[in-house]
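Peer 1: Have a look at this one.
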Amino acid sequence: MTTHGRPLDSVLDTIGETPLVRVQAAPNDVPVYAKLESFNPGASVKDRIGLYMLEAMLESGELPAGGTVIEPTAGNTGIGFAVAAGQLGVDAVFVVPERFSVEKQTLMDALGAEVINTPTEDGMGGAIQRAHELAEELDDAVVPQQFSNPLNVEAHYELTGPEIHDALDGEVGAVVAGCGTAGTLMGTGRYLREHAPDLHVTAVEPSGSLYSRMLGRDVEEGSYKTEGIGTHDPATNELFDPEFVDDVVQIPDRDTHAEMQRLAREEGQLVASSSAANSLAALDVAERAAAGEIDLPHDCVVTVFPDSSERYLSKGVYGDYEEWEG
Ligand code: PMP
């Protein structure tokens, strides 16, 4: 879907270089730009790490040629790895908690991967454990471990950060991104802060998630419908560095749901719940900067829209709030 003006040899050549588009609801004097990651061939931000991590592991020999990649994933990472694995001659197995969207699991299957479900109540922790058990049964398998592998951060440091920096001629004042593994925020933020030491960095999570506890805040745990971001078990989120972020913002599902619908209706953006949560948090940073409540090194806020709403239509994202299944 990316608009490359020349013929390309492989679908892998269409990963990255996604468009950066203005969020229309932002104040004029502090614009917000969103990186539209659904333009990747697997239609999410996770294509970046799928390709980057597999290439790095094949190069280092950690993953033998023709070996197997096994990953616990909420779905998009599986699709990202599956797109790359198919083209790089690697087998792929994904362990997915049942609650995640059926569209994602269907796509992983279509890309030639094997999908194994774990009970919803065991959470990501259960999926991680099962992935390691499976890897032990094979001798050429590797578990990339997106939740702890520095290559996840590095992919965004090497690709997403520079793309944003170049598109805005280095004039980035704040970065705002929802954290699943936190790879997107940490990698992009690290690159951009090297070029603007006072860069304001905001992590986003749904209300009920526990990233805020890592900043010493006493937040209550609860379930949430927003998909792809948040944590119930901060010990698994090894890539998140609480020292690096200025703030963690919690967005209630109800606000996220309304913003998802507003973005479609008013801005033509068919993006999913994590994008909507990012949008609200980024707009808030921009409004506070416009009101002089926070100082940014540049009057410009950047966020990420990680994937498209089309992947969640079966969950009723565009219906009433009560009909939306998380
Ligand atoms: N949004 C969606 C829809 C995702 O699938 C993910 C990845 N889990 C994220 C946001 C968060 O990205 P990261 O893992 O880099 O923090």
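We name chains A, B, ... following the order of the structure tokens; residues begin at 1 in each chain, and ligands are numbered from 1 as shown.
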Counting only C-alpha atoms, what are the residues of region 118-186 of chain A within 9 Å of region 292-309 of chain A, and for each of them which pair of atoms is the nearest and at what distance in Å, to one decimal? Sort the table by chain and rising number, as a Markdown table.

Peer 2:
```
| residue | atom | partner | partner_atom | distance |
| --- | --- | --- | --- | --- |
| A:Ile164 | CA | A:Val302 | CA | 8.1 |
| A:Leu168 | CA | A:Cys300 | CA | 8.9 |
| A:Glu171 | CA | A:His298 | CA | 5.6 |
| A:Val172 | CA | A:Cys300 | CA | 5.4 |
| A:Gly173 | CA | A:His298 | CA | 4.1 |
| A:Ala174 | CA | A:Val301 | CA | 4.7 |
| A:Val175 | CA | A:Val302 | CA | 4.9 |
| A:Val176 | CA | A:Thr303 | CA | 4.9 |
| A:Ala177 | CA | A:Thr303 | CA | 5.7 |
| A:Gly178 | CA | A:Val304 | CA | 8.3 |
| A:Thr184 | CA | A:Val304 | CA | 8.6 |
```

Peer 1: Taking the chain letters and numbering used in this document, name the residues of region 45-143 of chain A that DSSP puts in helix (DSSP H, G or I), as a PyMOL selection string.

Peer 2: chain A and resi 46-60+76-88+102-110+120-137

Peer 1: So that I can check the surroundings of Tyr52 (chain A), please list as a list in words every protein, DNA and RNA residue that reaches within 10 Å of it, counting only C-alpha atoms and ignoring chain neighbours fewer than 2 positions away.

Peer 2: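 My list of contacting residues is Ile15, Lys46, Asp47, Arg48, Ile49, Gly50, Leu54, Glu55, Ala56, Met57, Phe81, Ala84, Leu151, Asn152, Glu154, Ala155, His156, Glu158 and Leu159 of chain A.
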
Peer 1: Applying 9 Å and only C-alpha atoms, which residues near Glu103 (chain A) remain after dropping the ones on its own chain fewer than 4 positions away? List them as a PyMOL selection string.

Peer 2: chain A and resi 75+107-108+310-314

Peer 1: Emit the selected residues as a short mmCIF file (atom, residue, chain, number, x, y, z; two decimals), in the first residue's frame, including C-alpha atoms.

Peer 2:
```cif
data_model
loop_
_atom_site.label_atom_id
_atom_site.label_comp_id
_atom_site.auth_asym_id
_atom_site.auth_seq_id
_atom_site.Cartn_x
_atom_site.Cartn_y
_atom_site.Cartn_z
CA GLY A 75 -1.74 -11.00 16.72
CA LEU A 107 -4.35 -13.79 8.46
CA MET A 108 -1.49 -15.59 10.24
CA GLU A 310 -10.83 -3.34 9.57
CA ARG A 311 -8.98 -5.95 11.61
CA TYR A 312 -11.58 -5.62 14.42
CA LEU A 313 -14.91 -5.25 12.63
CA SER A 314 -16.04 -8.62 14.03
#
```

Peer 1: May I have the residues within 6 Å of ligand 1, computed using only C-alpha atoms and all ligand atoms, as a PyMOL selection string?

Peer 2: chain A and resi 76+178-184+227-229+274+306-307

Peer 1: Within 8 Å of Pro27 (chain A), counting only C-alpha atoms, which residues show up once you throw out same-chain ones fewer than 2 positions away? Write them as a list in words, please.

Peer 2: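 That gives Ala25, Asp29, Val30, Pro31, Ala286, Glu287 and Ala290 of chain A.
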
Peer 1: Out of A:Leu210, A:Val204, A:Val96, A:Leu280, which residue has the shortest atom-to-atom distance to Arg254 (chain A) when counting only C-alpha atoms?

Peer 2: A:Leu280

Peer 1: So which one's closest to Ser38 (chain A), A:Pro64, A:Ala291, A:Val271, A:Gly222? Using only C-alpha atoms, please.

Peer 2: A:Val271

Peer 1: Could you pull out all residues of region 48-175 of chain A with a DSSP call of strand (DSSP E) and give them as JSON, numbers by chain?

Peer 2: {"A": [68, 69, 70, 71, 72, 91, 92, 93, 94, 95, 96, 97, 114, 115, 116, 117, 118, 141, 142, 174, 175]}

Peer 1: Keeping only N, CA and C atoms, write the selected residues to a file as a short mmCIF file (atom, residue, chain, number, x, y, z; two decimals), in the first residue's frame.

Peer 2:
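Now in selection-v6.cif:
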```cif
data_model
loop_
_atom_site.label_atom_id
_atom_site.label_comp_id
_atom_site.auth_asym_id
_atom_site.auth_seq_id
_atom_site.Cartn_x
_atom_site.Cartn_y
_atom_site.Cartn_z
N THR A 68 12.70 -22.36 12.62
CA THR A 68 11.33 -22.03 12.99
C THR A 68 11.31 -20.87 13.99
N VAL A 69 10.43 -19.92 13.75
CA VAL A 69 10.24 -18.84 14.70
C VAL A 69 8.94 -19.11 15.46
N ILE A 70 9.00 -19.04 16.80
CA ILE A 70 7.82 -19.27 17.65
C ILE A 70 7.65 -18.04 18.52
N GLU A 71 6.48 -17.41 18.46
CA GLU A 71 6.34 -16.17 19.23
C GLU A 71 4.96 -16.08 19.89
N PRO A 72 4.94 -15.70 21.18
CA PRO A 72 3.67 -15.37 21.80
C PRO A 72 3.26 -13.99 21.32
N ASP A 91 9.97 -21.16 9.02
CA ASP A 91 8.64 -21.59 9.47
C ASP A 91 8.19 -20.72 10.64
N ALA A 92 6.88 -20.56 10.81
CA ALA A 92 6.40 -19.69 11.87
C ALA A 92 5.27 -20.35 12.66
N VAL A 93 5.37 -20.26 14.00
CA VAL A 93 4.33 -20.77 14.91
C VAL A 93 4.01 -19.64 15.88
N PHE A 94 2.71 -19.35 16.09
CA PHE A 94 2.34 -18.27 17.00
C PHE A 94 1.41 -18.75 18.10
N VAL A 95 1.66 -18.27 19.32
CA VAL A 95 0.84 -18.64 20.45
C VAL A 95 0.04 -17.38 20.83
N VAL A 96 -1.28 -17.49 20.69
CA VAL A 96 -2.15 -16.32 20.79
C VAL A 96 -3.22 -16.57 21.86
N PRO A 97 -3.34 -15.69 22.88
CA PRO A 97 -4.45 -15.84 23.82
C PRO A 97 -5.78 -15.73 23.07
N GLU A 114 1.45 -21.45 11.72
CA GLU A 114 0.60 -22.27 12.59
C GLU A 114 0.18 -21.42 13.79
N VAL A 115 -1.11 -21.46 14.17
CA VAL A 115 -1.59 -20.66 15.30
C VAL A 115 -2.04 -21.59 16.42
N ILE A 116 -1.53 -21.34 17.63
CA ILE A 116 -1.92 -22.13 18.79
C ILE A 116 -2.54 -21.19 19.81
N ASN A 117 -3.74 -21.50 20.28
CA ASN A 117 -4.42 -20.64 21.25
C ASN A 117 -4.14 -21.06 22.68
N THR A 118 -4.04 -20.08 23.58
CA THR A 118 -3.96 -20.35 25.02
C THR A 118 -5.16 -19.68 25.68
N ALA A 141 14.48 -24.05 16.60
CA ALA A 141 13.48 -23.01 16.83
C ALA A 141 14.04 -21.89 17.70
N VAL A 142 13.55 -20.69 17.45
CA VAL A 142 13.94 -19.57 18.28
C VAL A 142 12.68 -18.80 18.67
N ALA A 174 7.50 16.32 20.88
CA ALA A 174 6.97 15.30 21.80
C ALA A 174 6.63 14.05 21.01
N VAL A 175 6.82 12.90 21.65
CA VAL A 175 6.37 11.65 21.06
C VAL A 175 5.44 10.96 22.05
#
```

Peer 1: Leaving out Asp233 (chain A) and any residue of its chain fewer than 6 positions from it, which residues lie within 9 Å of it when counting only C-alpha atoms, given as a PyMOL selection string?

Peer 2: chain A and resi 124-125+209-211

Peer 1: Which residue gives the smallest distance to Val201 (chain A) among A:Val317, A:Ala281, A:Leu58, A:Asn237, with only C-alpha atoms counted?

Peer 2: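 Looking at the shortest contact to Val201 (chain A), the residue is A:Ala281.
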
Peer 1: Here is a test: counting only C-alpha atoms, which residue of A:Leu192, A:Leu185, A:Ala264, A:Ala74 is nearest to Glu163 (chain A)?

Peer 2: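 Using only C-alpha atoms, the shortest distance to Glu163 (chain A) belongs to A:Leu192.
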
Peer 1: Which residue out of A:Glu238, A:Asp13, A:Glu220, A:Asp198 has the minimum interatomic distance to Phe147 (chain A) when only C-alpha atoms are used?

Peer 2: A:Glu238

Peer 1: Tell me which of A:Thr106, A:Ser279, A:Thr236, A:Ser212 sits closest to Gln24 (chain A), counting only C-alpha atoms.

Peer 2: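 Closest to Gln24 (chain A) of all the choices is A:Ser279.
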